[in-house]
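Text of work_3.cif, listed as mmCIF, C-alpha atoms:
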```cif
data_final
#
loop_
_atom_site.label_atom_id
_atom_site.label_comp_id
_atom_site.auth_asym_id
_atom_site.auth_seq_id
_atom_site.Cartn_x
_atom_site.Cartn_y
_atom_site.Cartn_z
CA MET B 1 -9.10 17.57 -13.73
CA LEU B 2 -9.04 17.81 -9.95
CA ASP B 3 -10.04 21.06 -8.29
CA VAL B 4 -7.03 21.00 -5.99
CA ALA B 5 -7.74 24.38 -4.38
CA THR B 6 -11.12 23.08 -3.20
CA ILE B 7 -9.70 19.69 -2.20
CA ARG B 8 -7.05 21.30 -0.01
CA LYS B 9 -9.76 22.96 2.10
CA ASP B 10 -10.79 19.49 3.25
CA PHE B 11 -7.36 18.88 4.86
CA PRO B 12 -6.86 21.01 7.99
CA VAL B 13 -3.20 20.11 8.42
CA LEU B 14 -2.30 21.73 5.11
CA GLU B 15 -3.20 25.10 6.62
CA ARG B 16 -0.64 24.93 9.42
CA GLN B 17 2.81 26.48 9.69
CA VAL B 18 6.01 24.49 10.21
CA HIS B 19 9.11 26.33 11.41
CA GLY B 20 7.38 29.58 10.49
CA ARG B 21 6.62 28.46 6.94
CA GLY B 22 3.60 27.02 5.19
CA LEU B 23 3.62 23.24 5.20
CA VAL B 24 4.49 21.43 1.97
CA TYR B 25 3.60 17.81 2.70
CA LEU B 26 5.41 15.40 0.38
CA ASP B 27 5.35 12.20 2.42
CA SER B 28 2.06 10.61 1.38
CA ALA B 29 3.74 7.34 0.40
CA ALA B 30 4.36 6.83 4.12
CA SER B 31 1.00 8.16 5.35
CA SER B 32 -1.44 10.39 3.54
CA GLN B 33 -3.26 13.23 5.24
CA VAL B 34 -6.91 12.79 6.24
CA PRO B 35 -9.83 14.92 5.04
CA ARG B 36 -12.43 16.37 7.39
CA GLN B 37 -15.04 14.00 5.97
CA VAL B 38 -13.12 10.97 7.27
CA MET B 39 -12.45 12.60 10.63
CA ASP B 40 -16.16 13.40 10.94
CA ALA B 41 -17.15 9.83 10.08
CA CYS B 42 -14.89 8.43 12.80
CA GLU B 43 -16.04 11.01 15.34
CA HIS B 44 -19.69 10.31 14.52
CA ALA B 45 -19.16 6.56 14.94
CA ASP B 46 -17.72 7.10 18.42
CA ALA B 47 -20.07 9.90 19.49
CA GLU B 48 -23.39 8.63 18.19
CA HIS B 49 -23.40 4.84 18.04
CA ARG B 50 -20.32 3.32 19.63
CA ALA B 51 -21.13 -0.34 20.25
CA ASN B 52 -19.62 -3.68 19.33
CA VAL B 53 -20.56 -5.03 15.93
CA HIS B 54 -22.53 -8.23 15.25
CA ARG B 55 -23.15 -8.92 18.95
CA GLY B 56 -26.02 -6.74 20.09
CA VAL B 57 -29.71 -6.35 19.37
CA HIS B 58 -29.94 -2.77 20.62
CA ALA B 59 -30.03 0.22 18.27
CA LEU B 60 -26.41 1.31 18.71
CA ALA B 61 -25.03 -2.13 17.91
CA GLU B 62 -27.27 -2.45 14.88
CA GLU B 63 -26.23 0.99 13.60
CA THR B 64 -22.54 0.26 14.03
CA THR B 65 -22.88 -3.14 12.35
CA GLU B 66 -24.69 -1.56 9.42
CA ALA B 67 -21.96 1.09 9.04
CA TYR B 68 -19.17 -1.49 9.40
CA GLU B 69 -20.63 -3.87 6.82
CA GLY B 70 -21.51 -0.94 4.58
CA ALA B 71 -17.84 0.03 4.55
CA ARG B 72 -16.96 -3.52 3.51
CA LEU B 73 -19.37 -3.33 0.58
CA ARG B 74 -18.00 0.00 -0.64
CA ILE B 75 -14.38 -1.15 -0.35
CA ALA B 76 -15.21 -4.31 -2.30
CA GLU B 77 -16.71 -2.20 -5.08
CA PHE B 78 -13.70 0.14 -5.01
CA VAL B 79 -11.24 -2.69 -5.75
CA GLY B 80 -13.51 -4.91 -7.87
CA ALA B 81 -13.87 -7.73 -5.36
CA ASP B 82 -16.48 -9.99 -3.78
CA PRO B 83 -17.45 -8.52 -0.36
CA ARG B 84 -17.09 -12.01 1.14
CA GLY B 85 -13.40 -11.76 0.32
CA VAL B 86 -12.78 -8.40 2.06
CA VAL B 87 -11.11 -9.08 5.40
CA PHE B 88 -10.43 -6.13 7.69
CA THR B 89 -6.92 -6.22 9.15
CA LYS B 90 -4.93 -3.63 11.06
CA ASN B 91 -2.69 -2.94 8.03
CA ALA B 92 -1.21 -4.47 4.89
CA THR B 93 1.54 -6.12 6.94
CA GLU B 94 -1.00 -8.19 8.86
CA ALA B 95 -2.67 -9.12 5.57
CA PHE B 96 0.60 -10.53 4.20
CA ASN B 97 1.19 -12.44 7.41
CA ILE B 98 -2.24 -14.07 7.16
CA ILE B 99 -1.48 -15.33 3.65
CA ALA B 100 2.02 -16.47 4.60
CA HIS B 101 0.78 -18.33 7.67
CA SER B 102 -2.51 -19.73 6.43
CA TYR B 103 -1.73 -20.32 2.75
CA ALA B 104 2.01 -20.53 2.07
CA ARG B 105 2.83 -22.70 5.09
CA GLU B 106 -0.13 -24.96 4.32
CA ARG B 107 0.10 -25.26 0.53
CA LEU B 108 3.77 -24.87 -0.42
CA GLY B 109 6.58 -27.31 0.25
CA GLU B 110 9.80 -28.79 -1.09
CA GLY B 111 10.12 -28.42 -4.84
CA ASP B 112 7.84 -25.38 -4.97
CA ILE B 113 9.06 -21.85 -5.68
CA LEU B 114 7.66 -18.73 -4.06
CA LEU B 115 8.66 -15.94 -6.43
CA SER B 116 9.10 -12.37 -5.23
CA THR B 117 11.14 -9.38 -6.44
CA VAL B 118 14.04 -7.29 -5.22
CA MET B 119 11.85 -4.17 -5.07
CA GLU B 120 9.46 -5.40 -2.36
CA HIS B 121 8.68 -3.70 0.95
CA HIS B 122 9.82 -5.65 4.03
CA ALA B 123 6.15 -6.45 4.75
CA ASN B 124 6.10 -8.42 1.50
CA LEU B 125 9.41 -10.14 2.19
CA VAL B 126 9.80 -11.16 5.82
CA PRO B 127 6.51 -13.09 6.22
CA TRP B 128 7.47 -15.31 3.27
CA GLN B 129 10.95 -15.85 4.69
CA GLN B 130 9.41 -17.02 7.94
CA ALA B 131 7.00 -19.30 6.10
CA GLN B 132 9.85 -20.73 4.04
CA GLN B 133 11.72 -21.78 7.17
CA ALA B 134 8.66 -23.73 8.29
CA ALA B 135 7.53 -25.19 4.96
CA GLY B 136 10.78 -25.75 3.07
CA PHE B 137 9.85 -24.24 -0.31
CA GLU B 138 12.35 -22.24 -2.37
CA LEU B 139 12.40 -18.44 -2.36
CA ARG B 140 13.47 -16.72 -5.58
CA TYR B 141 13.68 -13.01 -6.41
CA VAL B 142 13.38 -11.21 -9.74
CA PRO B 143 16.21 -8.65 -10.19
CA LEU B 144 15.79 -5.18 -11.69
CA THR B 145 16.97 -3.37 -14.79
CA PRO B 146 19.09 -0.22 -14.41
CA GLU B 147 15.98 1.97 -14.84
CA GLY B 148 14.09 0.15 -12.11
CA HIS B 149 11.85 -2.23 -14.04
CA LEU B 150 11.62 -5.95 -13.36
CA ASP B 151 14.07 -8.01 -15.42
CA ARG B 152 11.60 -9.91 -17.59
CA GLU B 153 14.20 -12.33 -18.95
CA ALA B 154 15.10 -13.41 -15.43
CA PHE B 155 11.41 -13.60 -14.52
CA ASP B 156 10.59 -15.74 -17.55
CA ALA B 157 13.48 -18.10 -16.83
CA ILE B 158 12.26 -18.77 -13.29
CA VAL B 159 8.63 -19.12 -14.37
CA ALA B 160 9.61 -21.53 -17.16
CA THR B 161 10.57 -24.12 -14.54
CA GLY B 162 6.85 -24.61 -13.87
CA ARG B 163 7.61 -24.71 -10.15
CA VAL B 164 6.35 -21.24 -9.20
CA LYS B 165 3.47 -21.95 -6.82
CA LEU B 166 3.04 -18.39 -5.54
CA LEU B 167 3.98 -15.03 -7.06
CA THR B 168 4.00 -12.01 -4.78
CA VAL B 169 4.69 -8.61 -6.29
CA THR B 170 4.09 -4.95 -5.59
CA ALA B 171 1.84 -3.17 -8.05
CA MET B 172 3.79 0.04 -7.42
CA SER B 173 7.19 0.40 -5.77
CA ASN B 174 7.27 2.65 -2.72
CA VAL B 175 10.86 3.64 -3.57
CA LEU B 176 11.20 3.65 -7.36
CA GLY B 177 7.59 4.40 -8.19
CA THR B 178 7.73 1.60 -10.77
CA ILE B 179 4.30 0.36 -11.86
CA ASN B 180 4.53 -3.36 -12.51
CA PRO B 181 2.46 -5.15 -15.20
CA VAL B 182 0.76 -7.39 -12.65
CA ALA B 183 -1.78 -8.94 -15.04
CA GLU B 184 0.98 -9.90 -17.51
CA LEU B 185 3.08 -11.43 -14.75
CA ALA B 186 0.10 -13.33 -13.38
CA ALA B 187 -0.81 -14.69 -16.82
CA ALA B 188 2.75 -15.93 -17.38
CA VAL B 189 2.88 -17.67 -14.01
CA ARG B 190 -0.52 -19.32 -14.49
CA ALA B 191 0.39 -20.48 -18.01
CA ALA B 192 3.38 -22.35 -16.57
CA ASN B 193 1.55 -23.66 -13.49
CA GLU B 194 -2.24 -23.58 -13.42
CA ASP B 195 -2.22 -24.05 -9.63
CA ALA B 196 -0.17 -20.89 -9.02
CA VAL B 197 -1.54 -18.15 -6.77
CA VAL B 198 -0.85 -14.42 -7.21
CA VAL B 199 -0.49 -12.00 -4.28
CA VAL B 200 -0.36 -8.25 -4.93
CA ASP B 201 0.98 -5.54 -2.65
CA GLY B 202 -1.46 -2.70 -3.30
CA ALA B 203 -0.31 -0.43 -0.47
CA GLN B 204 0.97 2.16 -2.96
CA SER B 205 -1.23 1.42 -5.95
CA VAL B 206 -4.72 1.31 -4.43
CA PRO B 207 -4.52 4.94 -3.19
CA HIS B 208 -3.29 6.21 -6.57
CA LEU B 209 -4.56 4.01 -9.40
CA PRO B 210 -7.91 2.58 -10.48
CA THR B 211 -7.86 -0.95 -9.05
CA ASP B 212 -9.78 -4.06 -10.09
CA LEU B 213 -8.84 -7.40 -8.57
CA ARG B 214 -10.23 -9.24 -11.59
CA ALA B 215 -8.32 -7.10 -14.08
CA LEU B 216 -5.13 -7.71 -12.11
CA ASP B 217 -5.83 -11.47 -12.33
CA ALA B 218 -4.82 -11.65 -8.67
CA ASP B 219 -5.95 -14.01 -5.93
CA PHE B 220 -5.02 -11.73 -3.04
CA LEU B 221 -4.58 -7.96 -2.67
CA CYS B 222 -3.19 -6.27 0.45
CA PHE B 223 -3.39 -2.56 1.31
CA SER B 224 -3.53 -0.11 4.23
CA GLY B 225 -6.02 2.64 5.03
CA HIS B 226 -3.55 5.24 6.26
CA LYS B 227 -2.01 5.67 2.79
CA MET B 228 -5.39 6.35 1.13
CA LEU B 229 -6.90 9.16 3.25
CA GLY B 230 -8.08 6.73 5.93
CA PRO B 231 -7.31 6.21 9.62
CA THR B 232 -4.36 4.28 10.95
CA GLY B 233 -4.92 0.81 12.36
CA ILE B 234 -7.01 -0.44 9.44
CA GLY B 235 -6.15 -2.32 6.27
CA CYS B 236 -7.57 -5.02 4.06
CA LEU B 237 -6.78 -8.50 2.87
CA VAL B 238 -8.90 -8.92 -0.25
CA GLY B 239 -9.02 -12.38 -1.72
CA ASP B 240 -10.85 -15.13 -3.51
CA PRO B 241 -13.55 -16.28 -1.04
CA GLU B 242 -13.01 -19.92 -1.99
CA LEU B 243 -9.30 -19.72 -1.24
CA LEU B 244 -9.96 -17.91 2.04
CA ASP B 245 -12.58 -20.47 2.98
CA ALA B 246 -10.08 -23.30 2.51
CA MET B 247 -7.41 -21.59 4.64
CA PRO B 248 -7.12 -22.14 8.41
CA PRO B 249 -7.62 -19.04 10.58
CA PHE B 250 -4.65 -16.90 11.54
CA LEU B 251 -5.98 -15.80 14.96
CA THR B 252 -8.73 -17.45 16.96
CA GLY B 253 -11.37 -16.25 19.39
CA GLY B 254 -14.35 -13.93 19.42
CA GLU B 255 -16.44 -13.30 16.33
CA MET B 256 -14.54 -15.75 14.13
CA ILE B 257 -16.25 -18.67 15.89
CA LEU B 258 -19.68 -20.18 15.22
CA ASP B 259 -19.66 -22.68 18.08
CA VAL B 260 -17.36 -23.80 20.88
CA THR B 261 -17.35 -26.90 23.03
CA LEU B 262 -14.78 -28.05 25.52
CA GLU B 263 -13.46 -30.35 22.80
CA GLY B 264 -13.12 -27.87 19.96
CA ALA B 265 -14.60 -25.08 17.85
CA VAL B 266 -16.46 -24.51 14.59
CA PHE B 267 -15.19 -21.47 12.72
CA ASN B 268 -17.30 -18.77 11.11
CA GLU B 269 -17.63 -18.24 7.37
CA VAL B 270 -15.40 -15.82 5.48
CA PRO B 271 -14.56 -13.02 5.88
CA TYR B 272 -15.38 -13.28 9.59
CA LYS B 273 -13.15 -16.33 10.05
CA PHE B 274 -10.16 -13.97 9.79
CA GLU B 275 -11.55 -11.17 11.98
CA ALA B 276 -10.89 -12.48 15.48
CA GLY B 277 -11.96 -10.42 18.48
CA THR B 278 -13.46 -6.96 18.41
CA PRO B 279 -12.60 -5.48 15.02
CA PRO B 280 -11.43 -1.89 14.46
CA TYR B 281 -14.93 -0.90 13.45
CA VAL B 282 -14.48 2.87 13.86
CA GLN B 283 -11.42 2.75 11.62
CA ALA B 284 -13.23 0.55 9.09
CA ILE B 285 -16.06 3.06 8.95
CA GLY B 286 -13.48 5.80 8.40
CA LEU B 287 -11.85 3.81 5.60
CA GLY B 288 -15.24 3.40 3.97
CA ARG B 289 -15.64 7.18 4.02
CA ALA B 290 -12.16 7.59 2.54
CA VAL B 291 -13.20 5.32 -0.32
CA ASP B 292 -16.30 7.46 -0.82
CA TYR B 293 -14.08 10.55 -1.03
CA LEU B 294 -11.75 8.97 -3.60
CA GLN B 295 -14.62 7.66 -5.69
CA GLY B 296 -16.17 11.11 -5.65
CA LEU B 297 -13.00 12.54 -7.18
CA GLY B 298 -12.51 9.63 -9.59
CA MET B 299 -9.36 7.54 -9.54
CA ASP B 300 -8.62 8.32 -13.19
CA ALA B 301 -8.57 12.01 -12.26
CA VAL B 302 -6.30 11.29 -9.29
CA ARG B 303 -3.90 9.44 -11.57
CA ASP B 304 -3.94 12.17 -14.22
CA HIS B 305 -3.21 14.81 -11.59
CA GLU B 306 -0.20 12.90 -10.30
CA ILE B 307 1.15 12.35 -13.82
CA ALA B 308 0.94 16.11 -14.38
CA LEU B 309 2.89 16.72 -11.17
CA LEU B 310 5.54 14.19 -12.23
CA GLU B 311 5.83 15.79 -15.66
CA THR B 312 6.83 18.96 -13.81
CA ALA B 313 8.84 17.43 -11.00
CA LEU B 314 11.06 14.91 -12.79
CA PRO B 315 12.66 17.34 -15.28
CA ALA B 316 13.04 20.00 -12.58
CA LEU B 317 14.80 17.59 -10.24
CA ARG B 318 17.13 16.34 -12.97
CA GLU B 319 18.28 19.91 -13.62
CA ILE B 320 19.72 20.14 -10.11
CA ASP B 321 23.49 19.61 -10.13
CA GLY B 322 24.55 16.32 -8.62
CA LEU B 323 20.98 14.98 -8.19
CA THR B 324 20.05 11.47 -9.32
CA VAL B 325 16.44 10.32 -9.56
CA HIS B 326 15.89 6.60 -9.06
CA GLY B 327 13.30 4.70 -11.06
CA PRO B 328 11.63 5.03 -14.46
CA SER B 329 11.95 8.33 -16.32
CA ASP B 330 8.52 8.12 -17.95
CA PRO B 331 5.82 9.54 -15.61
CA ARG B 332 3.27 7.11 -17.06
CA GLN B 333 5.37 4.14 -16.01
CA ARG B 334 5.69 5.19 -12.41
CA GLY B 335 3.75 6.39 -9.40
CA ALA B 336 4.14 9.61 -7.49
CA ALA B 337 6.87 8.44 -5.09
CA VAL B 338 10.18 9.94 -6.24
CA SER B 339 13.40 8.84 -4.56
CA PHE B 340 16.57 10.77 -5.22
CA ALA B 341 20.15 11.28 -4.08
CA VAL B 342 22.20 14.47 -4.05
CA GLN B 343 25.94 14.08 -4.40
CA GLY B 344 27.74 15.13 -1.23
CA LEU B 345 24.61 15.10 0.97
CA HIS B 346 23.40 12.38 3.28
CA PRO B 347 19.65 11.79 2.82
CA HIS B 348 18.96 12.47 6.51
CA ASP B 349 20.82 15.80 6.38
CA LEU B 350 18.91 16.70 3.25
CA GLY B 351 15.55 15.81 4.81
CA THR B 352 16.34 17.68 8.04
CA VAL B 353 17.24 20.96 6.36
CA MET B 354 14.33 20.66 3.92
CA ASP B 355 12.04 20.37 6.95
CA ARG B 356 13.31 23.75 8.13
CA GLU B 357 12.23 25.07 4.75
CA GLY B 358 8.73 23.74 5.43
CA VAL B 359 9.01 20.76 3.06
CA ALA B 360 8.23 17.35 4.57
CA VAL B 361 9.95 14.46 2.79
CA ARG B 362 11.08 10.99 3.87
CA ALA B 363 14.71 9.96 4.31
CA GLY B 364 15.93 6.43 4.94
CA HIS B 365 15.67 2.90 3.57
CA HIS B 366 11.86 3.05 3.20
CA CYS B 367 11.49 -0.51 4.58
CA ALA B 368 13.13 -1.81 1.40
CA LYS B 369 16.72 -2.59 2.36
CA PRO B 370 17.34 -5.23 -0.34
CA LEU B 371 16.23 -2.75 -2.98
CA LEU B 372 18.43 0.01 -1.59
CA ARG B 373 21.42 -2.34 -1.57
CA SER B 374 20.74 -3.16 -5.23
CA LEU B 375 20.92 0.58 -5.91
CA GLY B 376 24.29 0.72 -4.18
CA THR B 377 23.13 2.88 -1.29
CA ALA B 378 21.81 2.60 2.26
CA ALA B 379 19.24 5.40 2.02
CA THR B 380 17.53 7.87 -0.28
CA THR B 381 15.43 10.97 0.08
CA ARG B 382 11.85 10.50 -1.13
CA ALA B 383 9.24 13.06 -2.10
CA SER B 384 5.79 11.60 -2.69
CA PHE B 385 2.83 13.46 -4.17
CA TYR B 386 -0.90 12.99 -3.81
CA LEU B 387 -4.20 14.52 -4.85
CA TYR B 388 -3.77 17.62 -2.65
CA ASN B 389 -0.34 18.63 -3.94
CA THR B 390 0.19 21.49 -6.40
CA PRO B 391 2.73 22.53 -9.05
CA GLU B 392 3.76 25.34 -6.72
CA GLU B 393 4.78 22.71 -4.17
CA VAL B 394 7.01 21.11 -6.79
CA THR B 395 8.74 24.48 -7.00
CA SER B 396 9.02 24.54 -3.20
CA LEU B 397 10.62 21.09 -3.31
CA VAL B 398 13.26 22.21 -5.79
CA GLU B 399 13.95 25.41 -3.85
CA ALA B 400 14.33 23.46 -0.59
CA ILE B 401 16.87 21.12 -2.19
CA GLU B 402 18.83 24.07 -3.54
CA ALA B 403 18.69 25.77 -0.13
CA THR B 404 20.10 22.61 1.44
CA ARG B 405 22.91 22.47 -1.10
CA ARG B 406 23.81 26.07 -0.28
CA PHE B 407 23.66 25.32 3.47
CA PHE B 408 26.15 22.46 3.11
CA ARG B 409 28.07 24.23 0.33
CA VAL B 410 27.87 21.33 -2.11
#
```
Represent the structure from my file as structure tokens, please.
Amino acid sequence: MLDVATIRKDFPVLERQVHGRGLVYLDSAASSQVPRQVMDACEHADAEHRANVHRGVHALAEETTEAYEGARLRIAEFVGADPRGVVFTKNATEAFNIIAHSYARERLGEGDILLSTVMEHHANLVPWQQAQQAAGFELRYVPLTPEGHLDREAFDAIVATGRVKLLTVTAMSNVLGTINPVAELAAAVRAANEDAVVVVDGAQSVPHLPTDLRALDADFLCFSGHKMLGPTGIGCLVGDPELLDAMPPFLTGGEMILDVTLEGAVFNEVPYKFEAGTPPYVQAIGLGRAVDYLQGLGMDAVRDHEIALLETALPALREIDGLTVHGPSDPRQRGAAVSFAVQGLHPHDLGTVMDREGVAVRAGHHCAKPLLRSLGTAATTRASFYLYNTPEEVTSLVEAIEATRRFFRV
């Protein structure tokens, strides 16, 4: 069990007042809060040994390089990957773009299918659409069941063609909370086409679930630091080093080069081949410290805590008149992002009045417009929990919704 009272002391923002009320932060699916330990790591990197990595022989450069590469090692361990396959990016979106540009455009063509799903974030949709226009492969999407799971019959029918060359799927939906059986999907795709590659959106899952690239049977995993207690401006593309080595670089210049002549260039080995220019080394060091923090708590404990919150929140929300919760009803089949609609209230109105009650939630399309359209709506309100949230804050959420209903007299 997590000692949430002690954990909360590590997050200064949770002590502040909003509109004269104590802050109840329920928007971690967008960006989590940051503990003092991560802030201190970033401040120390800037204050004590700020210098460019890999390029200097003086003490500061060596210290920064050691901290930067140490973060890479710890992140690799955290997600069960080879450190040579951990590429630092500025976010998960950049990671998807690298794969779309350097793998999909190069390896897929007419007759091939790139299979995605209706529940994906725009970052895991638009890069593939752009690649498809250039390479001419076919894009297909797995629809959803009424409860928000992938339609396995539709999935199996597409896979049975043997033409699926790349599967890209979120491990956890940022809207529905649905946890997808990635390893099962990967096994099915590989059984039908042994050359298929599997890409996983881990932006929501890596912060909340124990993650092992090998157990997922995935070739690539993309995630962002700012959703997992880390700084903004840092993310990771984690992949099979052999696949990365065979891919052309996405950006060129700086540290990703071994040699340059006036006639051409020789590129560096992975992962450096995909880290052009000065990397965000302070942010990477901060992300490494965030991983340390999460490992210290234990990801199984984080998951158990969130299940307990969902076991309280889901029934309480469903008791509110006119409220519909989207996504699976079983807390063990979903993550801690809970999207809902209240009859007679626009999600933005609901979120605005709830803010006045001190409760921070997200309202909008959550960068998942195709999914929202499949739900028959343009927007939802989303409350998302994390390791620092409490059962009392679930009560505050319910009370804020009821206060909003009274305000609008619905």
- Item | Explicit residue set for the PyMOL selection byres ((chain B and resi 236-241) around 6), as a PyMOL selection string | chain B and resi 84-89+95+219-223+235+242-245
Need the shell around B:His366: protein/DNA/RNA residues with any atom at most 9 Å away, counting all atoms listed in the file. Skip same-chain ones fewer than 3 positions apart. Format as a PyMOL selection string? chain B and resi 30+121-122+174-175+362-363+369+372+379-380+382
Set the distance at 10 Å and use only C-alpha atoms: which residues neighbour B:Val206 once local chain neighbours fewer than 2 positions away are removed? I'd like the list as a list of chain:residue names. B:Phe78, B:Val79, B:Ala171, B:Met172, B:Asp201, B:Gly202, B:Ala203, B:Gln204, B:His208, B:Leu209, B:Pro210, B:Thr211, B:Asp212, B:Leu221, B:Cys222, B:Phe223, B:Ser224, B:Gly225, B:Lys227, B:Met228, B:Met299
Counting only C-alpha atoms, give me one row per residue of stretch 142-194 of chain B with an atom at most 10 Å from an atom of stretch 135-138 of chain B, showing the shortest contact pair and its distance in Å to one decimal, sorted by chain then residue number, as JSON lines.
```
{"residue": "B:Arg163", "atom": "CA", "partner": "B:Glu138", "partner_atom": "CA", "distance": 9.4}
{"residue": "B:Val164", "atom": "CA", "partner": "B:Glu138", "partner_atom": "CA", "distance": 9.1}
{"residue": "B:Lys165", "atom": "CA", "partner": "B:Phe137", "partner_atom": "CA", "distance": 9.4}
```
I'd like to see the residues matched by the PyMOL selection byres ((chain B and resi 385) around 8) on this file, and ideally I'd get them as number ranges by chain. B: 26-29, 306, 309, 336-337, 383-384, 386-389
Since we have the selection now, will you write its residues out, keeping C-alpha atoms, as a tab-separated table (two decimals), in the frame of the given file?
```
chain	number	residue	atom	x	y	z
B	26	LEU	CA	5.41	15.40	0.38
B	27	ASP	CA	5.35	12.20	2.42
B	28	SER	CA	2.06	10.61	1.38
B	29	ALA	CA	3.74	7.34	0.40
B	306	GLU	CA	-0.20	12.90	-10.30
B	309	LEU	CA	2.89	16.72	-11.17
B	336	ALA	CA	4.14	9.61	-7.49
B	337	ALA	CA	6.87	8.44	-5.09
B	383	ALA	CA	9.24	13.06	-2.10
B	384	SER	CA	5.79	11.60	-2.69
B	386	TYR	CA	-0.90	12.99	-3.81
B	387	LEU	CA	-4.20	14.52	-4.85
B	388	TYR	CA	-3.77	17.62	-2.65
B	389	ASN	CA	-0.34	18.63	-3.94
```
Any idea what's packed within 8 Å of B:Ala196, counting all atoms listed in the file, ignoring anything in its chain fewer than 3 positions away? Could you give it as a PDB file with C-alpha atoms, in the coordinates of the input?
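Dumped everything to around.pdb:
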```
ATOM      1  CA  VAL B 164       6.350 -21.240  -9.200  1.00  0.00           C
ATOM      2  CA  LYS B 165       3.470 -21.950  -6.820  1.00  0.00           C
ATOM      3  CA  LEU B 166       3.040 -18.390  -5.540  1.00  0.00           C
ATOM      4  CA  LEU B 167       3.980 -15.030  -7.060  1.00  0.00           C
ATOM      5  CA  VAL B 189       2.880 -17.670 -14.010  1.00  0.00           C
ATOM      6  CA  ARG B 190      -0.520 -19.320 -14.490  1.00  0.00           C
ATOM      7  CA  ASN B 193       1.550 -23.660 -13.490  1.00  0.00           C
TER       8      ASN B 193
END
```
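Summary of the local environment: counting all atoms listed in the file, residues at most 9 Å from B:Thr64, other than itself and those fewer than 3 positions away along its chain, are Ala45, His49, Arg50, Ala51, Asn52, Val53, His54, Ala59, Leu60, Ala61, Ala67, Tyr68, Glu69, Tyr281, Val282 and Ile285 of chain B.
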Closest of B:Pro280, B:Pro347, B:Gly177, B:Pro207 to B:Arg303, counting all atoms listed in the file, is B:Pro207
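Pairwise distance (atom CA of B:Ala187, atom CA of B:Asp156) equals 11.5 Å.
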Query raised in the report: What lies within 12 Å of B:Phe267 using all atoms listed in the file, ignoring chain neighbours under 3 positions off, as a list in words?
Result: Asp245, Ala246, Met247, Pro248, Pro249, Phe250, Leu251, Thr252, Gly253, Gly254, Glu255, Met256, Ile257, Leu258, Asp259, Val260, Thr261, Gly264, Val270, Pro271, Tyr272, Lys273, Phe274, Glu275 and Ala276 of chain B
re atom CA of B:Ala81 and atom CA of B:Ala41: distance 23.6 Å
Shortest contact to B:Pro331, candidates B:Ala290, B:Ala160, B:Ile179, B:Met1, atoms counted only C-alpha atoms, goes to B:Ile179
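Residues matched by the PyMOL selection byres ((chain B and resi 312-315) around 9) in this file are Ile307, Ala308, Leu309, Leu310, Glu311, Ala316, Leu317, Arg318, Glu319, Val325, Ser329, Asp330, Pro331, Val338, Pro391, Val394, Thr395, Leu397 and Val398 of chain B.
With all atoms listed in the file as the atoms that count, the residue of B:Ala154, B:Val24, B:Ala123, B:Val200 with the shortest distance to B:Glu399 is B:Val24.
Here atom CA of B:Glu120 and atom CA of B:Glu106 stand 22.8 Å from one another.
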